[in-house]
file final.cif (mmCIF, C-alpha atoms and all ligand atoms; chains and numbers go by the auth columns)
data_upload
loop_
_atom_site.group_PDB
_atom_site.id
_atom_site.type_symbol
_atom_site.label_atom_id
_atom_site.label_comp_id
_atom_site.label_asym_id
_atom_site.label_seq_id
_atom_site.Cartn_x
_atom_site.Cartn_y
_atom_site.Cartn_z
_atom_site.B_iso_or_equiv
_atom_site.auth_seq_id
_atom_site.auth_asym_id
ATOM 1 C CA MET A 1 280.532 8.908 121.353 0.00 1 H
ATOM 2 C CA SER A 2 281.552 7.951 124.857 0.00 2 H
ATOM 3 C CA ASN A 3 279.853 4.917 126.330 0.00 3 H
ATOM 4 C CA ASP A 4 278.542 6.692 129.400 0.00 4 H
ATOM 5 C CA CYS A 5 276.069 8.672 127.310 0.00 5 H
ATOM 6 C CA PRO A 6 273.224 6.131 127.150 0.00 6 H
ATOM 7 C CA VAL A 7 273.406 5.581 130.902 0.00 7 H
ATOM 8 C CA LEU A 8 273.369 9.260 131.827 0.00 8 H
ATOM 9 C CA GLN A 9 271.100 10.518 129.095 0.00 9 H
ATOM 10 C CA LYS A 10 267.902 12.190 130.234 0.00 10 H
ATOM 11 C CA GLY A 11 266.467 13.211 126.866 0.00 11 H
ATOM 12 C CA GLN A 12 264.695 10.957 124.435 0.00 12 H
ATOM 13 C CA VAL A 13 266.154 9.957 121.071 0.00 13 H
ATOM 14 C CA LEU A 14 263.787 10.051 118.080 0.00 14 H
ATOM 15 C CA VAL A 15 265.190 8.809 114.783 0.00 15 H
ATOM 16 C CA MET A 16 263.333 9.257 111.492 0.00 16 H
ATOM 17 C CA CYS A 17 264.216 7.510 108.261 0.00 17 H
ATOM 18 C CA ALA A 18 262.572 7.350 104.859 0.00 18 H
ATOM 19 C CA PRO A 19 263.392 7.016 101.191 0.00 19 H
ATOM 20 C CA SER A 20 264.119 10.466 99.776 0.00 20 H
ATOM 21 C CA GLY A 21 260.906 12.217 98.718 0.00 21 H
ATOM 22 C CA THR A 22 258.611 10.409 101.178 0.00 22 H
ATOM 23 C CA GLY A 23 257.921 13.571 103.164 0.00 23 H
ATOM 24 C CA LYS A 24 260.284 13.217 106.103 0.00 24 H
ATOM 25 C CA SER A 25 261.411 16.870 106.117 0.00 25 H
ATOM 26 C CA THR A 26 257.782 17.981 105.911 0.00 26 H
ATOM 27 C CA LEU A 27 256.855 15.883 108.956 0.00 27 H
ATOM 28 C CA VAL A 28 260.001 16.858 110.865 0.00 28 H
ATOM 29 C CA LYS A 29 259.112 20.517 110.292 0.00 29 H
ATOM 30 C CA LYS A 30 255.596 19.977 111.674 0.00 30 H
ATOM 31 C CA LEU A 31 256.908 18.156 114.741 0.00 31 H
ATOM 32 C CA ARG A 32 259.479 20.884 115.448 0.00 32 H
ATOM 33 C CA ALA A 33 256.834 23.581 115.023 0.00 33 H
ATOM 34 C CA GLU A 34 254.541 21.925 117.560 0.00 34 H
ATOM 35 C CA PHE A 35 257.351 20.950 119.943 0.00 35 H
ATOM 36 C CA PRO A 36 260.005 23.677 119.608 0.00 36 H
ATOM 37 C CA GLU A 37 261.714 22.342 122.739 0.00 37 H
ATOM 38 C CA ILE A 38 262.888 19.259 120.842 0.00 38 H
ATOM 39 C CA GLY A 39 266.548 19.526 119.905 0.00 39 H
ATOM 40 C CA PHE A 40 267.509 18.826 116.314 0.00 40 H
ATOM 41 C CA SER A 41 270.738 17.139 115.402 0.00 41 H
ATOM 42 C CA ILE A 42 272.267 19.229 112.620 0.00 42 H
ATOM 43 C CA SER A 43 274.255 16.940 110.353 0.00 43 H
ATOM 44 C CA CYS A 44 277.401 17.569 108.384 0.00 44 H
ATOM 45 C CA THR A 45 277.255 16.806 104.687 0.00 45 H
ATOM 46 C CA THR A 46 279.425 17.030 101.600 0.00 46 H
ATOM 47 C CA ARG A 47 276.300 17.661 99.486 0.00 47 H
ATOM 48 C CA SER A 48 275.901 21.134 97.981 0.00 48 H
ATOM 49 C CA PRO A 49 273.268 23.355 99.612 0.00 49 H
ATOM 50 C CA ARG A 50 269.849 23.473 97.971 0.00 50 H
ATOM 51 C CA GLU A 51 268.238 26.826 97.372 0.00 51 H
ATOM 52 C CA GLY A 52 267.120 28.263 100.698 0.00 52 H
ATOM 53 C CA GLU A 53 269.244 25.930 102.833 0.00 53 H
ATOM 54 C CA VAL A 54 271.362 27.669 105.447 0.00 54 H
ATOM 55 C CA HIS A 55 274.756 26.500 106.751 0.00 55 H
ATOM 56 C CA GLY A 56 274.419 25.804 110.482 0.00 56 H
ATOM 57 C CA ARG A 57 270.634 25.612 110.372 0.00 57 H
ATOM 58 C CA ASP A 58 269.838 22.861 107.866 0.00 58 H
ATOM 59 C CA TYR A 59 273.260 21.262 107.631 0.00 59 H
ATOM 60 C CA TYR A 60 276.913 22.054 108.075 0.00 60 H
ATOM 61 C CA PHE A 61 278.083 21.966 104.458 0.00 61 H
ATOM 62 C CA LEU A 62 281.659 20.689 104.400 0.00 62 H
ATOM 63 C CA GLU A 63 284.273 19.964 101.775 0.00 63 H
ATOM 64 C CA LYS A 64 285.085 16.269 101.520 0.00 64 H
ATOM 65 C CA ASP A 65 288.555 16.740 103.067 0.00 65 H
ATOM 66 C CA GLU A 66 287.154 18.433 106.119 0.00 66 H
ATOM 67 C CA PHE A 67 284.431 15.826 106.496 0.00 67 H
ATOM 68 C CA THR A 68 286.876 12.917 106.375 0.00 68 H
ATOM 69 C CA ALA A 69 289.299 14.672 108.754 0.00 69 H
ATOM 70 C CA ARG A 70 286.514 15.166 111.310 0.00 70 H
ATOM 71 C CA ARG A 71 285.274 11.637 110.773 0.00 71 H
ATOM 72 C CA ASP A 72 288.779 10.241 111.319 0.00 72 H
ATOM 73 C CA LYS A 73 289.084 12.224 114.556 0.00 73 H
ATOM 74 C CA GLY A 74 285.978 10.376 115.782 0.00 74 H
ATOM 75 C CA GLU A 75 283.783 13.477 115.902 0.00 75 H
ATOM 76 C CA PHE A 76 280.702 11.752 114.460 0.00 76 H
ATOM 77 C CA ALA A 77 278.205 9.624 116.371 0.00 77 H
ATOM 78 C CA GLU A 78 277.525 7.937 113.034 0.00 78 H
ATOM 79 C CA TRP A 79 278.251 8.609 109.397 0.00 79 H
ATOM 80 C CA ALA A 80 277.342 7.107 106.025 0.00 80 H
ATOM 81 C CA GLU A 81 277.617 7.609 102.296 0.00 81 H
ATOM 82 C CA VAL A 82 274.124 8.365 100.994 0.00 82 H
ATOM 83 C CA HIS A 83 273.247 8.992 97.328 0.00 83 H
ATOM 84 C CA GLY A 84 276.934 9.640 96.581 0.00 84 H
ATOM 85 C CA ASN A 85 277.576 12.164 99.379 0.00 85 H
ATOM 86 C CA TYR A 86 278.855 11.835 102.939 0.00 86 H
ATOM 87 C CA TYR A 87 276.601 12.631 105.888 0.00 87 H
ATOM 88 C CA GLY A 88 277.461 12.509 109.585 0.00 88 H
ATOM 89 C CA THR A 89 276.053 13.403 112.990 0.00 89 H
ATOM 90 C CA PRO A 90 278.366 15.539 115.183 0.00 90 H
ATOM 91 C CA ALA A 91 278.463 13.684 118.511 0.00 91 H
ATOM 92 C CA ALA A 92 279.196 16.518 120.973 0.00 92 H
ATOM 93 C CA PRO A 93 275.999 18.608 120.559 0.00 93 H
ATOM 94 C CA VAL A 94 273.854 15.466 120.740 0.00 94 H
ATOM 95 C CA LYS A 95 275.503 14.349 123.930 0.00 95 H
ATOM 96 C CA ASP A 96 275.119 17.810 125.500 0.00 96 H
ATOM 97 C CA MET A 97 271.442 18.035 124.628 0.00 97 H
ATOM 98 C CA LEU A 98 270.641 14.548 125.921 0.00 98 H
ATOM 99 C CA LEU A 99 272.514 15.102 129.189 0.00 99 H
ATOM 100 C CA GLN A 100 270.547 18.325 129.731 0.00 100 H
ATOM 101 C CA GLY A 101 267.291 16.415 129.308 0.00 101 H
ATOM 102 C CA THR A 102 266.523 17.725 125.842 0.00 102 H
ATOM 103 C CA ASP A 103 264.900 15.254 123.459 0.00 103 H
ATOM 104 C CA VAL A 104 266.791 14.977 120.183 0.00 104 H
ATOM 105 C CA LEU A 105 265.393 14.376 116.722 0.00 105 H
ATOM 106 C CA PHE A 106 267.571 12.793 114.036 0.00 106 H
ATOM 107 C CA ASP A 107 266.782 12.987 110.318 0.00 107 H
ATOM 108 C CA ILE A 108 269.244 10.405 109.019 0.00 108 H
ATOM 109 C CA ASP A 109 269.410 7.447 106.657 0.00 109 H
ATOM 110 C CA PHE A 110 268.958 3.812 107.648 0.00 110 H
ATOM 111 C CA GLN A 111 272.697 3.053 107.800 0.00 111 H
ATOM 112 C CA GLY A 112 273.174 5.876 110.298 0.00 112 H
ATOM 113 C CA ALA A 113 270.097 4.819 112.267 0.00 113 H
ATOM 114 C CA MET A 114 271.486 1.324 112.713 0.00 114 H
ATOM 115 C CA GLN A 115 274.765 2.772 113.993 0.00 115 H
ATOM 116 C CA LEU A 116 272.921 5.049 116.435 0.00 116 H
ATOM 117 C CA ARG A 117 270.939 2.118 117.789 0.00 117 H
ATOM 118 C CA GLU A 118 274.197 0.676 119.145 0.00 118 H
ATOM 119 C CA THR A 119 274.623 3.811 121.264 0.00 119 H
ATOM 120 C CA PHE A 120 270.951 4.521 121.989 0.00 120 H
ATOM 121 C CA PRO A 121 269.080 1.214 122.134 0.00 121 H
ATOM 122 C CA ASP A 122 266.112 2.854 123.901 0.00 122 H
ATOM 123 C CA GLY A 123 265.512 5.426 121.157 0.00 123 H
ATOM 124 C CA LEU A 124 262.376 5.590 119.043 0.00 124 H
ATOM 125 C CA TYR A 125 263.235 4.373 115.544 0.00 125 H
ATOM 126 C CA VAL A 126 260.595 5.420 113.005 0.00 126 H
ATOM 127 C CA PHE A 127 260.528 4.455 109.327 0.00 127 H
ATOM 128 C CA LEU A 128 258.300 6.537 107.088 0.00 128 H
ATOM 129 C CA LEU A 129 256.838 4.704 104.119 0.00 129 H
ATOM 130 C CA PRO A 130 255.700 6.280 100.846 0.00 130 H
ATOM 131 C CA PRO A 131 252.227 5.080 99.790 0.00 131 H
ATOM 132 C CA SER A 132 253.581 3.817 96.434 0.00 132 H
ATOM 133 C CA TYR A 133 256.559 4.024 94.094 0.00 133 H
ATOM 134 C CA ALA A 134 254.574 6.196 91.681 0.00 134 H
ATOM 135 C CA GLU A 135 253.721 8.647 94.443 0.00 135 H
ATOM 136 C CA LEU A 136 257.354 8.760 95.585 0.00 136 H
ATOM 137 C CA GLU A 137 258.465 9.610 92.048 0.00 137 H
ATOM 138 C CA LYS A 138 255.760 12.263 91.809 0.00 138 H
ATOM 139 C CA ARG A 139 256.834 13.868 95.080 0.00 139 H
ATOM 140 C CA LEU A 140 260.533 13.868 94.177 0.00 140 H
ATOM 141 C CA LYS A 141 259.815 15.478 90.821 0.00 141 H
ATOM 142 C CA GLY A 142 257.194 17.833 92.267 0.00 142 H
ATOM 143 C CA ARG A 143 259.589 19.098 94.959 0.00 143 H
ATOM 144 C CA GLY A 144 261.665 20.602 92.182 0.00 144 H
ATOM 145 C CA THR A 145 264.915 20.699 94.141 0.00 145 H
ATOM 146 C CA ASP A 146 266.924 17.979 92.411 0.00 146 H
ATOM 147 C CA SER A 147 268.170 17.327 88.887 0.00 147 H
ATOM 148 C CA ALA A 148 266.747 14.423 86.842 0.00 148 H
ATOM 149 C CA GLU A 149 269.987 12.543 87.451 0.00 149 H
ATOM 150 C CA VAL A 150 269.791 12.993 91.231 0.00 150 H
ATOM 151 C CA ILE A 151 266.121 11.977 91.232 0.00 151 H
ATOM 152 C CA GLU A 152 266.953 8.829 89.281 0.00 152 H
ATOM 153 C CA LYS A 153 269.687 7.913 91.766 0.00 153 H
ATOM 154 C CA ARG A 154 267.376 8.500 94.745 0.00 154 H
ATOM 155 C CA LEU A 155 264.594 6.389 93.218 0.00 155 H
ATOM 156 C CA LYS A 156 267.051 3.594 92.541 0.00 156 H
ATOM 157 C CA ASN A 157 268.230 3.679 96.157 0.00 157 H
ATOM 158 C CA ALA A 158 264.651 3.771 97.461 0.00 158 H
ATOM 159 C CA ARG A 159 264.159 0.028 96.921 0.00 159 H
ATOM 160 C CA LYS A 160 267.174 -0.826 99.097 0.00 160 H
ATOM 161 C CA GLU A 161 265.988 1.650 101.722 0.00 161 H
ATOM 162 C CA MET A 162 262.531 0.018 101.816 0.00 162 H
ATOM 163 C CA ASP A 163 264.226 -3.308 102.607 0.00 163 H
ATOM 164 C CA ALA A 164 265.766 -1.675 105.678 0.00 164 H
ATOM 165 C CA ALA A 165 262.307 -0.814 107.088 0.00 165 H
ATOM 166 C CA SER A 166 262.180 -4.167 108.883 0.00 166 H
ATOM 167 C CA ASN A 167 264.917 -2.942 111.255 0.00 167 H
ATOM 168 C CA PHE A 168 262.696 -0.163 112.624 0.00 168 H
ATOM 169 C CA ASP A 169 260.207 -0.272 115.516 0.00 169 H
ATOM 170 C CA TYR A 170 257.573 2.017 114.030 0.00 170 H
ATOM 171 C CA TRP A 171 256.184 2.198 110.501 0.00 171 H
ATOM 172 C CA VAL A 172 254.221 5.288 109.455 0.00 172 H
ATOM 173 C CA ILE A 173 252.738 5.576 105.966 0.00 173 H
ATOM 174 C CA ASN A 174 252.813 9.138 104.688 0.00 174 H
ATOM 175 C CA ASP A 175 249.691 9.015 102.541 0.00 175 H
ATOM 176 C CA ASN A 176 247.578 11.719 104.099 0.00 176 H
ATOM 177 C CA LEU A 177 249.903 14.243 105.733 0.00 177 H
ATOM 178 C CA ASP A 178 247.653 15.087 108.692 0.00 178 H
ATOM 179 C CA ARG A 179 247.007 11.446 109.500 0.00 179 H
ATOM 180 C CA ALA A 180 250.701 10.566 109.248 0.00 180 H
ATOM 181 C CA TYR A 181 251.559 13.500 111.485 0.00 181 H
ATOM 182 C CA THR A 182 249.030 12.421 114.132 0.00 182 H
ATOM 183 C CA GLU A 183 250.698 9.004 114.203 0.00 183 H
ATOM 184 C CA LEU A 184 254.162 10.479 114.469 0.00 184 H
ATOM 185 C CA ARG A 185 253.302 12.814 117.361 0.00 185 H
ATOM 186 C CA THR A 186 251.588 9.917 119.144 0.00 186 H
ATOM 187 C CA ILE A 187 254.775 7.850 118.857 0.00 187 H
ATOM 188 C CA TYR A 188 256.832 10.727 120.212 0.00 188 H
ATOM 189 C CA LEU A 189 254.495 11.477 123.107 0.00 189 H
ATOM 190 C CA SER A 190 254.003 7.856 124.123 0.00 190 H
ATOM 191 C CA GLY A 191 257.782 7.384 124.061 0.00 191 H
ATOM 192 C CA LYS A 192 258.126 10.122 126.642 0.00 192 H
ATOM 193 C CA SER A 193 256.054 8.041 129.093 0.00 193 H
ATOM 194 C CA ARG A 194 258.379 5.062 128.879 0.00 194 H
ATOM 195 C CA ARG A 195 260.125 4.130 132.096 0.00 195 H
ATOM 196 C CA CYS A 196 263.578 4.419 130.524 0.00 196 H
ATOM 197 C CA ASN A 197 262.844 8.058 129.658 0.00 197 H
ATOM 198 C CA ARG A 198 261.788 8.931 133.212 0.00 198 H
ATOM 199 C CA PRO A 199 264.680 7.562 135.238 0.00 199 H
ATOM 200 C CA GLU A 200 264.120 9.766 138.306 0.00 200 H
ATOM 201 C CA LEU A 201 260.327 10.041 138.318 0.00 201 H
ATOM 202 C CA LEU A 202 259.435 7.268 140.763 0.00 202 H
ATOM 203 C CA ASN A 203 262.238 8.080 143.208 0.00 203 H
ATOM 204 C CA ASN A 204 261.247 11.750 143.201 0.00 204 H
ATOM 205 C CA ILE A 205 257.642 10.895 144.017 0.00 205 H
ATOM 206 C CA LEU A 206 258.615 8.363 146.678 0.00 206 H
ATOM 207 C CA LYS A 207 260.886 10.907 148.425 0.00 207 H
ATOM 208 C CA GLU A 208 257.757 12.623 149.745 0.00 208 H
ATOM 209 C CA TRP A 209 256.273 9.390 151.050 0.00 209 H
ATOM 210 C CA GLY A 210 258.599 9.350 154.042 0.00 210 H
HETATM 211 P P1 LIG B . 261.940 14.047 102.170 0.00 1 X
HETATM 212 O O1 LIG B . 262.417 14.940 103.255 0.00 1 X
HETATM 213 O O2 LIG B . 261.464 12.721 102.701 0.00 1 X
HETATM 214 O O3 LIG B . 262.927 13.872 101.061 0.00 1 X
HETATM 215 P P2 LIG B . 259.996 16.176 101.603 0.00 1 X
HETATM 216 O O4 LIG B . 259.467 16.457 102.968 0.00 1 X
HETATM 217 O O5 LIG B . 260.929 17.164 100.987 0.00 1 X
HETATM 218 O O6 LIG B . 260.635 14.693 101.514 0.00 1 X
HETATM 219 O O7 LIG B . 258.712 15.964 100.664 0.00 1 X
HETATM 220 C C1 LIG B . 258.834 15.696 99.264 0.00 1 X
HETATM 221 C C2 LIG B . 257.678 16.397 98.529 0.00 1 X
HETATM 222 O O8 LIG B . 256.454 15.728 98.858 0.00 1 X
HETATM 223 C C3 LIG B . 257.507 17.852 98.953 0.00 1 X
HETATM 224 O O9 LIG B . 257.175 18.611 97.803 0.00 1 X
HETATM 225 C C4 LIG B . 256.336 17.809 99.961 0.00 1 X
HETATM 226 O O10 LIG B . 255.601 19.008 99.974 0.00 1 X
HETATM 227 C C5 LIG B . 255.499 16.649 99.398 0.00 1 X
HETATM 228 N N1 LIG B . 254.730 15.901 100.435 0.00 1 X
HETATM 229 C C6 LIG B . 255.123 15.576 101.688 0.00 1 X
HETATM 230 N N2 LIG B . 254.172 14.844 102.308 0.00 1 X
HETATM 231 C C7 LIG B . 253.156 14.710 101.433 0.00 1 X
HETATM 232 C C8 LIG B . 251.864 14.070 101.478 0.00 1 X
HETATM 233 N N3 LIG B . 251.450 13.405 102.550 0.00 1 X
HETATM 234 N N4 LIG B . 251.083 14.138 100.390 0.00 1 X
HETATM 235 C C9 LIG B . 251.512 14.789 99.274 0.00 1 X
HETATM 236 N N5 LIG B . 252.702 15.433 99.144 0.00 1 X
HETATM 237 C C10 LIG B . 253.523 15.390 100.224 0.00 1 X
HETATM 238 P P1 LIG B . 269.139 15.135 101.698 0.00 2 X
HETATM 239 O O1 LIG B . 270.332 15.210 100.785 0.00 2 X
HETATM 240 O O2 LIG B . 267.862 14.906 100.927 0.00 2 X
HETATM 241 O O3 LIG B . 269.052 16.268 102.683 0.00 2 X
HETATM 242 O O4 LIG B . 269.364 13.821 102.597 0.00 2 X
HETATM 243 C C1 LIG B . 269.610 12.585 101.970 0.00 2 X
HETATM 244 C C2 LIG B . 269.552 11.493 103.012 0.00 2 X
HETATM 245 O O5 LIG B . 270.644 11.631 103.946 0.00 2 X
HETATM 246 C C3 LIG B . 268.267 11.517 103.846 0.00 2 X
HETATM 247 O O6 LIG B . 267.816 10.173 104.003 0.00 2 X
HETATM 248 C C4 LIG B . 268.733 12.069 105.175 0.00 2 X
HETATM 249 O O7 LIG B . 267.946 11.617 106.239 0.00 2 X
HETATM 250 C C5 LIG B . 270.131 11.469 105.248 0.00 2 X
HETATM 251 N N1 LIG B . 270.974 12.158 106.233 0.00 2 X
HETATM 252 C C6 LIG B . 270.945 13.464 106.602 0.00 2 X
HETATM 253 N N2 LIG B . 271.835 13.695 107.577 0.00 2 X
HETATM 254 C C7 LIG B . 272.426 12.504 107.859 0.00 2 X
HETATM 255 C C8 LIG B . 273.415 12.098 108.812 0.00 2 X
HETATM 256 O O8 LIG B . 273.951 12.853 109.600 0.00 2 X
HETATM 257 N N3 LIG B . 273.765 10.787 108.781 0.00 2 X
HETATM 258 C C9 LIG B . 273.214 9.877 107.924 0.00 2 X
HETATM 259 N N4 LIG B . 273.610 8.609 108.020 0.00 2 X
HETATM 260 N N5 LIG B . 272.273 10.235 107.035 0.00 2 X
HETATM 261 C C10 LIG B . 271.882 11.526 106.998 0.00 2 X
#
call {"tool": "encode", "arguments": {"input": "final.cif", "output": "C-alpha cells"}}
result
Amino acid sequence: MSNDCPVLQKGQVLVMCAPSGTGKSTLVKKLRAEFPEIGFSISCTTRSPREGEVHGRDYYFLEKDEFTARRDKGEFAEWAEVHGNYYGTPAAPVKDMLLQGTDVLFDIDFQGAMQLRETFPDGLYVFLLPPSYAELEKRLKGRGTDSAEVIEKRLKNARKEMDAASNFDYWVINDNLDRAYTELRTIYLSGKSRRCNRPELLNNILKEWG
C-alpha cells in the first residue's frame, strides 16, 4: 500500500482479532448491522468456502496460484498463512474507502494485524478473548462448520494467538454476547472522536470565527 495513505486517510481503521471460535464473526455481524455505513475489507483466501459463504461477499476464494501471483504483485496490504491456508487483504479497496472517509473494519489474524499497524498506526486494534479454553472448544464444535481435524488445528493455534493479545490496544472478553458487543461499539464510537480521525474538524469550525 502506498505510503501516502495514512496521511490522507479520512476513515477510521478498526481491526478485530481473536482465536477461531471466540465469536468474532458474530460480533462483526452485529456491528455491521448497527453501522451499515462501515466498510468491510473482504479478504482473499485459499480456504474452501463453508456452506452459505458467498464469493465476493464473505471472501474472495482463490486458488493458491492466483493468491501467490497477486501477493507477488504487491496487491495485498497484508497477508499471512493461518491454519494452513493463505489469507490476504486487497489493498486498493481499503485505500479507496479510507480516502472517501469510510471507516473500514478488518477481520484478520494477529500476524496480519501487526502488518497493518505499520501502515495504520492510528487504527483501533481490538483483541477478542474467549472466556475459557473449554468454552472455545465448545463454540468451535457447536458451530458445526469445521471437521474434527480442522477444529483440532484451530485449538492448537489458539494458545499462540492468545500470546499475541499483548500487542493489541483493546481487550474484550466475549463471555456474554450483549455485554461484549456494548464494549466493542463503545470502542468504535470513542475512536471516532479521536483528534486523528477528525483532521479537518477544528479548522472547519474556526473558519466561521473570522
Ligand atoms: P469466530 O468468527 O471467532 O471464529 P463465530 O462468530 O463463528 O466465531 O462464533 C463461534 C460460535 O460461538 C458460533 O456458533 C456462535 O454462535 C457462538 N457464540 C458467539 N459468541 C458467543 C457468546 N458470547 N456466547 C455463546 N456462544 C457464542
Ligand atoms: P476463517 O477461516 O475462520 O474464516 O478465518 C481464519 C482466520 O483468518 C481468522 O482469524 C480470520 O480473522 C483470519 N483472516 C481472515 N481474513 C484475513 C486476511 O485477509 N488476512 C489475515 N492475516 N488473516 C485473515
call {"tool": "atom_distance", "arguments": {"input": "final.cif", "atom1": "atom CA of Lys192 of chain H", "atom2": "atom C6 of ligand LIG 1 (chain X)"}}
result
25.7 Å
call {"tool": "closest_atom_pairs", "arguments": {"input": "final.cif", "of": "chain H", "to": "ligand LIG 2 (chain X)", "cutoff": "7 Å", "atoms": "only C-alpha atoms and all ligand atoms", "output": "CSV"}}
result
residue,atom,partner,partner_atom,distance
H:Cys17,CA,X:LIG2,O7,5.9
H:Ala18,CA,X:LIG2,O6,6.0
H:Pro19,CA,X:LIG2,O6,6.1
H:Ser20,CA,X:LIG2,O6,5.6
H:Ser43,CA,X:LIG2,O8,4.2
H:Cys44,CA,X:LIG2,O8,6.0
H:Thr45,CA,X:LIG2,N2,6.9
H:Arg47,CA,X:LIG2,O1,6.6
H:Glu78,CA,X:LIG2,N3,6.4
H:Trp79,CA,X:LIG2,N4,4.8
H:Ala80,CA,X:LIG2,N4,4.5
H:Val82,CA,X:LIG2,O5,5.6
H:His83,CA,X:LIG2,C1,6.9
H:Tyr87,CA,X:LIG2,C8,4.4
H:Gly88,CA,X:LIG2,O8,3.5
H:Thr89,CA,X:LIG2,O8,4.0
H:Asp107,CA,X:LIG2,O7,4.5
H:Ile108,CA,X:LIG2,O7,3.3
H:Asp109,CA,X:LIG2,N5,4.0
H:Phe110,CA,X:LIG2,N4,6.7
H:Gln111,CA,X:LIG2,N4,5.6
H:Gly112,CA,X:LIG2,N4,3.6
H:Ala113,CA,X:LIG2,N4,6.7
call {"tool": "closest_residue", "arguments": {"input": "final.cif", "among": "H:Leu27, H:Ile38, H:Leu206, H:Val15", "to": "Glu183 of chain H", "atoms": "all atoms listed in the file"}}
result
H:Leu27
call {"tool": "resolve_selection", "arguments": {"input": "final.cif", "expression": "the PyMOL selection byres (((chain H and resi 165-169) around 7) and not hetatm)", "output": "ChimeraX atom specification"}}
result
/H:125-127,161-164,170-171
call {"tool": "resolve_selection", "arguments": {"input": "final.cif", "expression": "the PyMOL selection byres (((chain H and resi 153-155) around 8) and not hetatm)", "output": "ChimeraX atom specification"}}
result
/H:19-20,83,136-137,149-152,156-159
call {"tool": "closest_residue", "arguments": {"input": "final.cif", "among": "H:Tyr133, H:Tyr188, H:Tyr181, H:Trp209", "to": "ligand LIG 1 (chain X)", "atoms": "all atoms listed in the file"}}
result
H:Tyr181
call {"tool": "decode", "arguments": {"input": "final.cif", "residues": "segment 146-157 of chain H", "atoms": "N, CA and C atoms", "output": "PDB file, in the first residue's frame"}}
result
ATOM      1  N   ASP H 146     -16.756 -26.977  10.875  1.00  0.00           N
ATOM      2  CA  ASP H 146     -15.412 -27.486  10.588  1.00  0.00           C
ATOM      3  C   ASP H 146     -15.277 -28.950  11.006  1.00  0.00           C
ATOM      4  N   SER H 147     -14.395 -29.655  10.288  1.00  0.00           N
ATOM      5  CA  SER H 147     -14.147 -31.063  10.615  1.00  0.00           C
ATOM      6  C   SER H 147     -13.384 -31.143  11.941  1.00  0.00           C
ATOM      7  N   ALA H 148     -13.380 -32.357  12.534  1.00  0.00           N
ATOM      8  CA  ALA H 148     -12.666 -32.563  13.809  1.00  0.00           C
ATOM      9  C   ALA H 148     -11.188 -32.198  13.653  1.00  0.00           C
ATOM     10  N   GLU H 149     -10.648 -32.506  12.490  1.00  0.00           N
ATOM     11  CA  GLU H 149      -9.224 -32.230  12.245  1.00  0.00           C
ATOM     12  C   GLU H 149      -8.949 -30.718  12.217  1.00  0.00           C
ATOM     13  N   VAL H 150      -9.846 -29.996  11.542  1.00  0.00           N
ATOM     14  CA  VAL H 150      -9.700 -28.531  11.461  1.00  0.00           C
ATOM     15  C   VAL H 150      -9.871 -27.914  12.853  1.00  0.00           C
ATOM     16  N   ILE H 151     -10.837 -28.420  13.601  1.00  0.00           N
ATOM     17  CA  ILE H 151     -11.074 -27.894  14.955  1.00  0.00           C
ATOM     18  C   ILE H 151      -9.831 -28.106  15.825  1.00  0.00           C
ATOM     19  N   GLU H 152      -9.243 -29.291  15.697  1.00  0.00           N
ATOM     20  CA  GLU H 152      -8.051 -29.600  16.494  1.00  0.00           C
ATOM     21  C   GLU H 152      -6.911 -28.629  16.154  1.00  0.00           C
ATOM     22  N   LYS H 153      -6.742 -28.371  14.873  1.00  0.00           N
ATOM     23  CA  LYS H 153      -5.684 -27.450  14.429  1.00  0.00           C
ATOM     24  C   LYS H 153      -5.941 -26.040  14.976  1.00  0.00           C
ATOM     25  N   ARG H 154      -7.190 -25.604  14.926  1.00  0.00           N
ATOM     26  CA  ARG H 154      -7.533 -24.249  15.377  1.00  0.00           C
ATOM     27  C   ARG H 154      -7.353 -24.115  16.885  1.00  0.00           C
ATOM     28  N   LEU H 155      -7.681 -25.179  17.627  1.00  0.00           N
ATOM     29  CA  LEU H 155      -7.498 -25.129  19.086  1.00  0.00           C
ATOM     30  C   LEU H 155      -6.006 -25.090  19.437  1.00  0.00           C
ATOM     31  N   LYS H 156      -5.231 -25.819  18.674  1.00  0.00           N
ATOM     32  CA  LYS H 156      -3.790 -25.852  18.907  1.00  0.00           C
ATOM     33  C   LYS H 156      -3.190 -24.458  18.669  1.00  0.00           C
ATOM     34  N   ASN H 157      -3.663 -23.811  17.610  1.00  0.00           N
ATOM     35  CA  ASN H 157      -3.153 -22.471  17.281  1.00  0.00           C
ATOM     36  C   ASN H 157      -3.645 -21.400  18.247  1.00  0.00           C
TER      37      ASN H 157
END
